[in-house]
$ cat run-v8.cif   # mmCIF, C-alpha atoms
data_work
#
loop_
_atom_site.label_atom_id
_atom_site.label_comp_id
_atom_site.auth_asym_id
_atom_site.auth_seq_id
_atom_site.Cartn_x
_atom_site.Cartn_y
_atom_site.Cartn_z
CA MET U 1427 -82.75 6.08 29.81
CA ALA U 1428 -82.69 7.58 33.31
CA LYS U 1429 -85.63 7.03 35.66
CA LEU U 1430 -86.10 10.80 36.00
CA GLU U 1431 -84.80 13.42 33.55
CA LEU U 1432 -85.07 17.19 33.68
CA ARG U 1433 -84.44 19.09 30.47
CA ASP U 1434 -84.03 22.88 30.47
CA VAL U 1435 -86.57 23.33 33.29
CA VAL U 1436 -87.51 26.96 33.96
CA LYS U 1437 -89.72 28.16 36.83
CA ARG U 1438 -90.55 31.80 37.45
CA PHE U 1439 -92.47 33.63 40.14
CA GLY U 1440 -93.38 36.94 38.53
CA ASP U 1441 -90.15 38.51 37.34
CA THR U 1442 -87.99 36.22 39.47
CA THR U 1443 -86.53 33.12 37.82
CA VAL U 1444 -86.15 30.47 40.52
CA CYS U 1445 -85.14 27.54 38.28
CA ASP U 1446 -83.12 28.72 35.32
CA GLY U 1447 -82.72 26.00 32.70
CA ILE U 1448 -82.03 23.01 34.94
CA ASN U 1449 -80.85 19.72 33.47
CA LEU U 1450 -80.60 16.65 35.67
CA ASP U 1451 -80.56 12.86 35.24
CA VAL U 1452 -81.51 10.55 38.10
CA GLU U 1453 -80.86 6.87 37.46
CA GLU U 1454 -82.97 4.05 38.89
CA GLY U 1455 -81.92 3.42 42.48
CA GLN U 1456 -79.76 6.55 42.75
CA MET U 1457 -79.69 8.95 45.66
CA VAL U 1458 -79.10 12.49 44.35
CA CYS U 1459 -78.49 15.25 46.90
CA LEU U 1460 -79.16 18.91 46.08
CA ILE U 1461 -77.04 21.33 48.09
CA GLY U 1462 -76.75 25.11 48.09
CA ALA U 1463 -77.70 28.17 50.09
CA SER U 1464 -81.29 28.97 51.00
CA GLY U 1465 -83.00 30.50 47.98
CA ALA U 1466 -80.87 28.59 45.47
CA GLY U 1467 -83.94 26.85 44.03
CA LYS U 1468 -83.67 23.41 45.61
CA SER U 1469 -87.15 23.25 47.17
CA THR U 1470 -88.83 24.80 44.14
CA LEU U 1471 -87.17 22.24 41.89
CA LEU U 1472 -88.56 19.39 43.99
CA ARG U 1473 -92.01 20.97 43.93
CA CYS U 1474 -91.83 21.20 40.13
CA ILE U 1475 -90.91 17.50 39.87
CA ASN U 1476 -93.93 16.62 42.05
CA LEU U 1477 -96.14 18.96 39.95
CA LEU U 1478 -96.93 21.17 42.91
CA GLU U 1479 -95.59 24.03 40.78
CA PRO U 1480 -96.09 24.27 37.00
CA VAL U 1481 -92.96 24.95 34.95
CA GLU U 1482 -92.74 27.72 32.37
CA GLU U 1483 -90.37 25.86 30.10
CA GLY U 1484 -88.69 22.49 29.76
CA GLU U 1485 -89.50 18.83 30.25
CA ILE U 1486 -89.67 16.56 33.27
CA LEU U 1487 -89.47 12.97 32.08
CA LEU U 1488 -90.51 10.01 34.22
CA ASP U 1489 -89.56 6.77 32.44
CA GLY U 1490 -89.33 8.85 29.25
CA GLU U 1491 -92.81 10.41 29.55
CA ASP U 1492 -93.05 14.19 29.93
CA ILE U 1493 -95.10 14.74 33.08
CA ALA U 1494 -94.80 18.54 32.90
CA VAL U 1495 -97.16 18.92 29.94
CA PRO U 1496 -100.08 21.28 30.70
CA GLY U 1497 -103.35 19.59 31.57
CA LEU U 1498 -101.85 16.33 32.85
CA ASN U 1499 -103.68 15.02 35.93
CA PRO U 1500 -101.14 15.41 38.75
CA GLN U 1501 -102.72 12.76 40.97
CA GLY U 1502 -101.42 9.90 38.87
CA VAL U 1503 -97.92 11.37 38.93
CA ARG U 1504 -97.99 11.97 42.68
CA ALA U 1505 -98.90 8.33 43.22
CA ARG U 1506 -95.60 7.49 41.48
CA ILE U 1507 -93.48 10.31 42.96
CA GLY U 1508 -93.77 10.68 46.73
CA MET U 1509 -92.66 13.79 48.59
CA VAL U 1510 -91.81 14.52 52.22
CA PHE U 1511 -91.56 18.12 53.42
CA GLN U 1512 -89.77 20.03 56.19
CA SER U 1513 -92.98 20.22 58.21
CA PHE U 1514 -94.61 16.91 59.02
CA ASN U 1515 -98.13 17.95 57.91
CA LEU U 1516 -99.79 15.15 59.88
CA PHE U 1517 -103.48 15.47 60.67
CA PRO U 1518 -103.60 16.01 64.47
CA HIS U 1519 -106.99 14.33 64.91
CA MET U 1520 -105.81 11.07 63.30
CA THR U 1521 -103.47 8.42 64.68
CA ALA U 1522 -100.18 7.80 62.90
CA LEU U 1523 -101.70 4.71 61.27
CA GLU U 1524 -104.79 6.62 60.11
CA ASN U 1525 -102.57 9.37 58.66
CA ALA U 1526 -100.57 6.83 56.67
CA MET U 1527 -103.62 4.95 55.39
CA LEU U 1528 -105.52 8.01 54.20
CA ALA U 1529 -103.93 8.41 50.76
CA PRO U 1530 -103.95 4.72 49.73
CA ARG U 1531 -107.60 4.51 50.67
CA ARG U 1532 -108.64 7.72 48.93
CA VAL U 1533 -106.41 7.59 45.85
CA HIS U 1534 -106.30 3.83 45.24
CA GLY U 1535 -109.76 3.15 46.66
CA LEU U 1536 -108.50 0.47 49.04
CA SER U 1537 -110.61 -0.71 51.95
CA ARG U 1538 -109.20 -0.36 55.45
CA ALA U 1539 -108.78 -4.14 55.65
CA LYS U 1540 -106.83 -4.15 52.37
CA ALA U 1541 -104.61 -1.15 53.15
CA GLN U 1542 -103.81 -1.78 56.79
CA PRO U 1543 -101.46 -4.84 56.62
CA ASP U 1544 -99.05 -3.16 54.17
CA VAL U 1545 -99.03 0.10 56.11
CA GLU U 1546 -98.49 -1.70 59.42
CA ALA U 1547 -95.53 -3.50 57.81
CA LEU U 1548 -94.00 -0.12 56.96
CA PHE U 1549 -94.37 1.04 60.56
CA THR U 1550 -92.62 -2.12 61.70
CA ARG U 1551 -89.84 -1.71 59.14
CA PHE U 1552 -89.05 1.79 60.37
CA GLY U 1553 -89.19 1.03 64.08
CA LEU U 1554 -92.59 2.56 64.73
CA ALA U 1555 -94.74 -0.51 65.37
CA ASP U 1556 -95.37 0.58 68.96
CA ARG U 1557 -96.30 4.12 67.89
CA MET U 1558 -98.79 3.59 65.07
CA HIS U 1559 -101.82 4.15 67.31
CA ASN U 1560 -100.43 7.35 68.84
CA TYR U 1561 -101.58 10.79 67.77
CA PRO U 1562 -98.98 13.21 66.33
CA ASP U 1563 -98.73 15.27 69.53
CA GLN U 1564 -97.75 12.09 71.37
CA LEU U 1565 -94.72 11.59 69.08
CA SER U 1566 -91.30 13.23 68.99
CA GLY U 1567 -90.33 15.31 65.97
CA GLY U 1568 -88.18 12.50 64.63
CA GLN U 1569 -91.02 10.03 65.02
CA GLN U 1570 -93.45 12.40 63.29
CA GLN U 1571 -91.05 12.80 60.36
CA ARG U 1572 -90.67 9.02 60.09
CA VAL U 1573 -94.48 8.73 60.05
CA ALA U 1574 -94.53 11.28 57.22
CA ILE U 1575 -92.06 9.09 55.31
CA VAL U 1576 -94.20 6.00 55.97
CA ARG U 1577 -97.25 7.91 54.73
CA ALA U 1578 -95.46 8.72 51.45
CA LEU U 1579 -94.20 5.15 51.05
CA ALA U 1580 -97.69 3.76 51.62
CA MET U 1581 -98.50 4.93 48.08
CA ARG U 1582 -95.75 2.62 46.77
CA PRO U 1583 -93.96 5.39 44.85
CA GLU U 1584 -91.25 4.76 42.29
CA VAL U 1585 -89.35 7.94 43.20
CA MET U 1586 -89.10 9.80 46.53
CA LEU U 1587 -88.39 13.50 47.01
CA PHE U 1588 -87.24 14.88 50.36
CA ASP U 1589 -87.19 18.62 51.05
CA GLU U 1590 -84.88 19.49 53.98
CA ILE U 1591 -86.64 16.90 56.10
CA THR U 1592 -84.25 17.25 59.04
CA SER U 1593 -84.25 21.06 59.24
CA ALA U 1594 -87.13 21.25 61.75
CA LEU U 1595 -85.67 18.58 64.04
CA ASP U 1596 -83.58 18.88 67.17
CA PRO U 1597 -80.00 17.77 66.43
CA GLN U 1598 -80.32 14.57 68.45
CA LEU U 1599 -83.30 13.47 66.30
CA VAL U 1600 -81.66 14.05 62.92
CA GLY U 1601 -79.79 10.75 62.91
CA GLU U 1602 -82.88 8.56 63.19
CA VAL U 1603 -84.42 10.19 60.10
CA LEU U 1604 -81.18 9.95 58.10
CA ASP U 1605 -81.01 6.26 59.03
CA VAL U 1606 -84.39 5.80 57.33
CA LEU U 1607 -83.01 7.39 54.15
CA LEU U 1608 -80.04 5.02 54.22
CA MET U 1609 -82.41 2.08 54.63
CA LEU U 1610 -84.40 3.23 51.60
CA LYS U 1611 -81.21 3.65 49.59
CA ASN U 1612 -80.11 0.13 50.46
CA GLN U 1613 -83.51 -1.13 49.30
CA GLY U 1614 -83.02 0.51 45.91
CA MET U 1615 -85.38 3.49 46.17
CA THR U 1616 -84.74 6.29 43.66
CA MET U 1617 -84.41 9.51 45.69
CA VAL U 1618 -83.75 13.22 45.27
CA LEU U 1619 -82.97 15.16 48.45
CA ALA U 1620 -82.55 18.84 49.17
CA THR U 1621 -80.36 18.88 52.26
CA HIS U 1622 -78.08 20.96 54.46
CA GLU U 1623 -76.61 17.77 55.96
CA MET U 1624 -73.24 17.90 54.19
CA GLY U 1625 -71.78 14.94 56.02
CA PHE U 1626 -74.72 12.76 55.03
CA ALA U 1627 -74.56 13.91 51.38
CA ARG U 1628 -70.85 13.17 51.28
CA GLU U 1629 -71.24 9.68 52.72
CA ALA U 1630 -74.53 8.49 51.23
CA ALA U 1631 -75.22 10.21 47.90
CA ASP U 1632 -74.46 8.72 44.51
CA LYS U 1633 -74.43 12.21 43.01
CA VAL U 1634 -74.37 15.71 44.52
CA CYS U 1635 -75.59 18.82 42.70
CA PHE U 1636 -74.62 22.30 43.90
CA LEU U 1637 -77.26 24.90 43.05
CA ALA U 1638 -76.91 28.68 43.03
CA ASN U 1639 -79.19 31.31 41.52
CA GLY U 1640 -81.54 28.68 40.13
CA ARG U 1641 -78.86 26.77 38.24
CA ILE U 1642 -76.90 23.59 38.80
CA VAL U 1643 -73.40 25.10 38.98
CA GLU U 1644 -71.60 21.80 39.46
CA GLU U 1645 -72.48 18.14 39.90
CA GLY U 1646 -70.63 14.91 40.36
CA PRO U 1647 -69.90 12.04 42.74
CA PRO U 1648 -69.56 13.27 46.33
CA GLU U 1649 -65.88 12.37 46.63
CA ARG U 1650 -65.06 14.70 43.73
CA LEU U 1651 -67.51 17.50 44.46
CA PHE U 1652 -66.55 17.72 48.13
CA GLY U 1653 -62.91 16.75 47.68
CA ALA U 1654 -61.99 18.76 44.58
CA PRO U 1655 -64.76 21.16 43.51
CA GLN U 1656 -64.02 22.80 40.17
CA GLN U 1657 -66.15 25.96 40.32
CA ALA U 1658 -65.29 28.98 42.47
CA ALA U 1659 -68.90 29.26 43.68
CA THR U 1660 -68.87 25.63 44.83
CA GLN U 1661 -65.56 26.12 46.61
CA ALA U 1662 -66.86 29.23 48.39
CA PHE U 1663 -70.11 27.53 49.47
CA LEU U 1664 -68.36 24.43 50.80
CA ALA U 1665 -65.78 26.54 52.63
CA ARG U 1666 -68.66 28.10 54.58
CA ALA U 1667 -70.83 24.99 54.90
CA LEU U 1668 -68.06 22.68 56.12
CA LYS U 1669 -66.70 24.99 58.84
#

$ encode --input "run-v8.cif" --output "structure tokens"
Amino acid sequence: MAKLELRDVVKRFGDTTVCDGINLDVEEGQMVCLIGASGAGKSTLLRCINLLEPVEEGEILLDGEDIAVPGLNPQGVRARIGMVFQSFNLFPHMTALENAMLAPRRVHGLSRAKAQPDVEALFTRFGLADRMHNYPDQLSGGQQQRVAIVRALAMRPEVMLFDEITSALDPQLVGEVLDVLLMLKNQGMTMVLATHEMGFAREAADKVCFLANGRIVEEGPPERLFGAPQQAATQAFLARALK
């Protein structure tokens, strides 16, 4: 049984079908990269997995349990599935440390004294020990995005979702955020990424899924999908993306 399984997932906004019968298996410890043009459905799919968007049809199974059933309390699921977005969404009036401790304290009811050592250890692990008492406007974009990752990890999730987390960064800051993802992969974190970083997907992913028009058109190990794509749509996308 896969850690995360999607079965015939459909998401519509009005008359527009954004996810059109998506099936996907994510094994424990895998890094799965979602690629495709803007509007292909990548971000919406991640938001459905995190229960930020309800699905019209299908199942989303976490350890075999359907978390997409109507009426399920999403807070418990979001404690197990962390998500990091394109925008950092840090509270400007809180230090980096206070931002990262907020959710564990509110959701898990931890005292500051109980939460702080584990969160400080995360800052140290990701090279931010000297920045944890800074406010967001005192940090670079790459540092803010790493704080956002620390904040998600502070909930001790079992699965992490990343939605184009380097797209708002200057090119010279992209590498430091991708290094964090590689560190998480090496530590066995189960991850699903929507990304435009083709080189990173090719080198780091265990599986790559190409999406178009709300469907997974083709999926496979990166060496096959990038080296010998089978579908014409995949070939056309990669011809443009890899220029």

$ closest_residue --input "run-v8.cif" --among "U:Val1452, U:Val1576, U:Gly1508, U:Leu1471" --to "Leu1488 of chain U" --atoms "all atoms listed in the file"
U:Val1452

$ resolve_selection --input "run-v8.cif" --expression "the PyMOL selection byres ((chain U and resi 1458) around 10)" --output "PDB file with C-alpha atoms, in the frame of the given file"
ATOM      1  CA  LEU U1450     -80.600  16.650  35.670  1.00  0.00           C
ATOM      2  CA  ASP U1451     -80.560  12.860  35.240  1.00  0.00           C
ATOM      3  CA  VAL U1452     -81.510  10.550  38.100  1.00  0.00           C
ATOM      4  CA  GLU U1453     -80.860   6.870  37.460  1.00  0.00           C
ATOM      5  CA  GLY U1455     -81.920   3.420  42.480  1.00  0.00           C
ATOM      6  CA  GLN U1456     -79.760   6.550  42.750  1.00  0.00           C
ATOM      7  CA  MET U1457     -79.690   8.950  45.660  1.00  0.00           C
ATOM      8  CA  CYS U1459     -78.490  15.250  46.900  1.00  0.00           C
ATOM      9  CA  LEU U1460     -79.160  18.910  46.080  1.00  0.00           C
ATOM     10  CA  ILE U1461     -77.040  21.330  48.090  1.00  0.00           C
ATOM     11  CA  LEU U1587     -88.390  13.500  47.010  1.00  0.00           C
ATOM     12  CA  THR U1616     -84.740   6.290  43.660  1.00  0.00           C
ATOM     13  CA  MET U1617     -84.410   9.510  45.690  1.00  0.00           C
ATOM     14  CA  VAL U1618     -83.750  13.220  45.270  1.00  0.00           C
ATOM     15  CA  LEU U1619     -82.970  15.160  48.450  1.00  0.00           C
ATOM     16  CA  ALA U1620     -82.550  18.840  49.170  1.00  0.00           C
ATOM     17  CA  ALA U1627     -74.560  13.910  51.380  1.00  0.00           C
ATOM     18  CA  ALA U1630     -74.530   8.490  51.230  1.00  0.00           C
ATOM     19  CA  ALA U1631     -75.220  10.210  47.900  1.00  0.00           C
ATOM     20  CA  ASP U1632     -74.460   8.720  44.510  1.00  0.00           C
ATOM     21  CA  LYS U1633     -74.430  12.210  43.010  1.00  0.00           C
ATOM     22  CA  VAL U1634     -74.370  15.710  44.520  1.00  0.00           C
ATOM     23  CA  CYS U1635     -75.590  18.820  42.700  1.00  0.00           C
ATOM     24  CA  GLU U1645     -72.480  18.140  39.900  1.00  0.00           C
ATOM     25  CA  GLY U1646     -70.630  14.910  40.360  1.00  0.00           C
ATOM     26  CA  PRO U1647     -69.900  12.040  42.740  1.00  0.00           C
ATOM     27  CA  PRO U1648     -69.560  13.270  46.330  1.00  0.00           C
TER      28      PRO U1648
END

$ closest_residue --input "run-v8.cif" --among "U:Val1444, U:Val1545, U:Leu1608, U:Val1603" --to "Gln1512 of chain U" --atoms "all atoms listed in the file"
U:Val1603

$ resolve_selection --input "run-v8.cif" --expression "the PyMOL selection byres ((chain U and resi 1640) around 9)" --output "list in words"
Val1436, Lys1437, Thr1443, Val1444, Cys1445, Asp1446, Gly1447, Ile1448, Gly1465, Ala1466, Gly1467, Lys1468, Leu1471, Leu1637, Ala1638, Asn1639, Arg1641, Ile1642 and Val1643 of chain U

$ resolve_selection --input "run-v8.cif" --expression "the PyMOL selection byres ((chain U and resi 1663) around 10)" --output "number ranges by chain"
U: 1461-1463, 1636-1638, 1658-1662, 1664-1668

$ atom_distance --input "run-v8.cif" --atom1 "atom CA of Arg1572 of chain U" --atom2 "atom CA of Phe1514 of chain U"
8.9 Å

$ closest_residue --input "run-v8.cif" --among "U:Gln1598, U:Pro1583, U:Glu1524, U:Leu1516" --to "Gln1570 of chain U" --atoms "only C-alpha atoms"
U:Leu1516

$ atom_distance --input "run-v8.cif" --atom1 "atom CA of Phe1511 of chain U" --atom2 "atom CA of Ile1591 of chain U"
5.7 Å

$ atom_distance --input "run-v8.cif" --atom1 "atom CA of Asp1556 of chain U" --atom2 "atom CA of Asp1544 of chain U"
15.7 Å

$ residues_around --input "run-v8.cif" --residues "Arg1577 of chain U" --least-positions-apart "2" --cutoff "8 Å" --atoms "only C-alpha atoms" --output "PDB file with C-alpha atoms, in the frame of the given file"
ATOM      1  CA  ASN U1525    -102.570   9.370  58.660  1.00  0.00           C
ATOM      2  CA  ALA U1526    -100.570   6.830  56.670  1.00  0.00           C
ATOM      3  CA  MET U1527    -103.620   4.950  55.390  1.00  0.00           C
ATOM      4  CA  ALA U1529    -103.930   8.410  50.760  1.00  0.00           C
ATOM      5  CA  VAL U1573     -94.480   8.730  60.050  1.00  0.00           C
ATOM      6  CA  ALA U1574     -94.530  11.280  57.220  1.00  0.00           C
ATOM      7  CA  ILE U1575     -92.060   9.090  55.310  1.00  0.00           C
ATOM      8  CA  LEU U1579     -94.200   5.150  51.050  1.00  0.00           C
ATOM      9  CA  ALA U1580     -97.690   3.760  51.620  1.00  0.00           C
ATOM     10  CA  MET U1581     -98.500   4.930  48.080  1.00  0.00           C
TER      11      MET U1581
END

$ closest_residue --input "run-v8.cif" --among "U:Asp1605, U:Met1509, U:Asp1596, U:Lys1540" --to "Ser1469 of chain U" --atoms "all atoms listed in the file"
U:Met1509

$ closest_residue --input "run-v8.cif" --among "U:Glu1649, U:Pro1543, U:Val1510, U:His1559" --to "Leu1607 of chain U" --atoms "only C-alpha atoms"
U:Val1510

$ closest_residue --input "run-v8.cif" --among "U:Arg1506, U:Arg1538, U:His1519, U:Arg1438" --to "Ala1578 of chain U" --atoms "only C-alpha atoms"
U:Arg1506

$ build_atoms --input "run-v8.cif" --residues "segment 1567-1578 of chain U" --atoms "all heavy atoms" --output "PDB file, keeping the file's coordinate frame"
ATOM      1  N   GLY U1567     -90.478  14.796  67.334  1.00  0.00           N
ATOM      2  CA  GLY U1567     -90.330  15.310  65.970  1.00  0.00           C
ATOM      3  C   GLY U1567     -89.754  14.281  65.025  1.00  0.00           C
ATOM      4  O   GLY U1567     -90.213  14.144  63.885  1.00  0.00           O
ATOM      5  N   GLY U1568     -88.758  13.531  65.487  1.00  0.00           N
ATOM      6  CA  GLY U1568     -88.180  12.500  64.630  1.00  0.00           C
ATOM      7  C   GLY U1568     -89.172  11.409  64.293  1.00  0.00           C
ATOM      8  O   GLY U1568     -89.214  10.910  63.164  1.00  0.00           O
ATOM      9  N   GLN U1569     -89.989  11.031  65.280  1.00  0.00           N
ATOM     10  CA  GLN U1569     -91.020  10.030  65.020  1.00  0.00           C
ATOM     11  C   GLN U1569     -92.069  10.561  64.052  1.00  0.00           C
ATOM     12  O   GLN U1569     -92.510   9.844  63.144  1.00  0.00           O
ATOM     13  CB  GLN U1569     -91.669   9.603  66.337  1.00  0.00           C
ATOM     14  CG  GLN U1569     -90.748   8.774  67.216  1.00  0.00           C
ATOM     15  CD  GLN U1569     -91.285   8.614  68.634  1.00  0.00           C
ATOM     16  OE1 GLN U1569     -92.126   9.393  69.101  1.00  0.00           O
ATOM     17  NE2 GLN U1569     -90.784   7.615  69.341  1.00  0.00           N
ATOM     18  N   GLN U1570     -92.470  11.819  64.212  1.00  0.00           N
ATOM     19  CA  GLN U1570     -93.450  12.400  63.290  1.00  0.00           C
ATOM     20  C   GLN U1570     -92.894  12.427  61.858  1.00  0.00           C
ATOM     21  O   GLN U1570     -93.628  12.147  60.908  1.00  0.00           O
ATOM     22  CB  GLN U1570     -93.820  13.815  63.736  1.00  0.00           C
ATOM     23  CG  GLN U1570     -94.672  13.856  64.993  1.00  0.00           C
ATOM     24  CD  GLN U1570     -95.134  15.268  65.308  1.00  0.00           C
ATOM     25  OE1 GLN U1570     -95.854  15.883  64.524  1.00  0.00           O
ATOM     26  NE2 GLN U1570     -94.721  15.792  66.448  1.00  0.00           N
ATOM     27  N   GLN U1571     -91.615  12.752  61.710  1.00  0.00           N
ATOM     28  CA  GLN U1571     -91.050  12.800  60.360  1.00  0.00           C
ATOM     29  C   GLN U1571     -90.965  11.391  59.766  1.00  0.00           C
ATOM     30  O   GLN U1571     -91.193  11.207  58.572  1.00  0.00           O
ATOM     31  CB  GLN U1571     -89.667  13.466  60.392  1.00  0.00           C
ATOM     32  CG  GLN U1571     -89.112  13.838  59.025  1.00  0.00           C
ATOM     33  CD  GLN U1571     -90.001  14.792  58.247  1.00  0.00           C
ATOM     34  OE1 GLN U1571     -91.072  14.411  57.753  1.00  0.00           O
ATOM     35  NE2 GLN U1571     -89.571  16.034  58.129  1.00  0.00           N
ATOM     36  N   ARG U1572     -90.675  10.404  60.596  1.00  0.00           N
ATOM     37  CA  ARG U1572     -90.670   9.020  60.090  1.00  0.00           C
ATOM     38  C   ARG U1572     -92.080   8.583  59.693  1.00  0.00           C
ATOM     39  O   ARG U1572     -92.255   7.855  58.713  1.00  0.00           O
ATOM     40  CB  ARG U1572     -90.077   8.069  61.134  1.00  0.00           C
ATOM     41  CG  ARG U1572     -88.549   8.120  61.171  1.00  0.00           C
ATOM     42  CD  ARG U1572     -87.992   7.032  62.067  1.00  0.00           C
ATOM     43  NE  ARG U1572     -88.166   7.348  63.473  1.00  0.00           N
ATOM     44  CZ  ARG U1572     -88.148   6.441  64.446  1.00  0.00           C
ATOM     45  NH1 ARG U1572     -88.007   5.156  64.182  1.00  0.00           N
ATOM     46  NH2 ARG U1572     -88.289   6.819  65.711  1.00  0.00           N
ATOM     47  N   VAL U1573     -93.095   9.022  60.445  1.00  0.00           N
ATOM     48  CA  VAL U1573     -94.480   8.730  60.050  1.00  0.00           C
ATOM     49  C   VAL U1573     -94.781   9.379  58.707  1.00  0.00           C
ATOM     50  O   VAL U1573     -95.452   8.779  57.847  1.00  0.00           O
ATOM     51  CB  VAL U1573     -95.473   9.205  61.135  1.00  0.00           C
ATOM     52  CG1 VAL U1573     -96.915   9.090  60.628  1.00  0.00           C
ATOM     53  CG2 VAL U1573     -95.308   8.395  62.415  1.00  0.00           C
ATOM     54  N   ALA U1574     -94.310  10.609  58.498  1.00  0.00           N
ATOM     55  CA  ALA U1574     -94.530  11.280  57.220  1.00  0.00           C
ATOM     56  C   ALA U1574     -93.878  10.504  56.072  1.00  0.00           C
ATOM     57  O   ALA U1574     -94.438  10.424  54.966  1.00  0.00           O
ATOM     58  CB  ALA U1574     -93.977  12.705  57.284  1.00  0.00           C
ATOM     59  N   ILE U1575     -92.716   9.915  56.330  1.00  0.00           N
ATOM     60  CA  ILE U1575     -92.060   9.090  55.310  1.00  0.00           C
ATOM     61  C   ILE U1575     -92.871   7.827  55.054  1.00  0.00           C
ATOM     62  O   ILE U1575     -93.083   7.428  53.898  1.00  0.00           O
ATOM     63  CB  ILE U1575     -90.617   8.757  55.740  1.00  0.00           C
ATOM     64  CG1 ILE U1575     -89.771  10.033  55.784  1.00  0.00           C
ATOM     65  CG2 ILE U1575     -89.992   7.731  54.792  1.00  0.00           C
ATOM     66  CD1 ILE U1575     -88.396   9.856  56.401  1.00  0.00           C
ATOM     67  N   VAL U1576     -93.348   7.186  56.120  1.00  0.00           N
ATOM     68  CA  VAL U1576     -94.200   6.000  55.970  1.00  0.00           C
ATOM     69  C   VAL U1576     -95.442   6.348  55.155  1.00  0.00           C
ATOM     70  O   VAL U1576     -95.852   5.597  54.261  1.00  0.00           O
ATOM     71  CB  VAL U1576     -94.588   5.429  57.353  1.00  0.00           C
ATOM     72  CG1 VAL U1576     -95.728   4.424  57.221  1.00  0.00           C
ATOM     73  CG2 VAL U1576     -93.383   4.769  58.013  1.00  0.00           C
ATOM     74  N   ARG U1577     -96.043   7.488  55.453  1.00  0.00           N
ATOM     75  CA  ARG U1577     -97.250   7.910  54.730  1.00  0.00           C
ATOM     76  C   ARG U1577     -96.956   8.027  53.226  1.00  0.00           C
ATOM     77  O   ARG U1577     -97.752   7.587  52.395  1.00  0.00           O
ATOM     78  CB  ARG U1577     -97.735   9.249  55.273  1.00  0.00           C
ATOM     79  CG  ARG U1577     -98.951   9.806  54.549  1.00  0.00           C
ATOM     80  CD  ARG U1577     -99.421  11.111  55.160  1.00  0.00           C
ATOM     81  NE  ARG U1577     -98.381  12.131  55.133  1.00  0.00           N
ATOM     82  CZ  ARG U1577     -98.497  13.332  55.683  1.00  0.00           C
ATOM     83  NH1 ARG U1577     -99.603  13.659  56.322  1.00  0.00           N
ATOM     84  NH2 ARG U1577     -97.515  14.201  55.613  1.00  0.00           N
ATOM     85  N   ALA U1578     -95.812   8.607  52.872  1.00  0.00           N
ATOM     86  CA  ALA U1578     -95.460   8.720  51.450  1.00  0.00           C
ATOM     87  C   ALA U1578     -95.200   7.355  50.831  1.00  0.00           C
ATOM     88  O   ALA U1578     -95.624   7.073  49.706  1.00  0.00           O
ATOM     89  CB  ALA U1578     -94.243   9.629  51.295  1.00  0.00           C
TER      90      ALA U1578
END
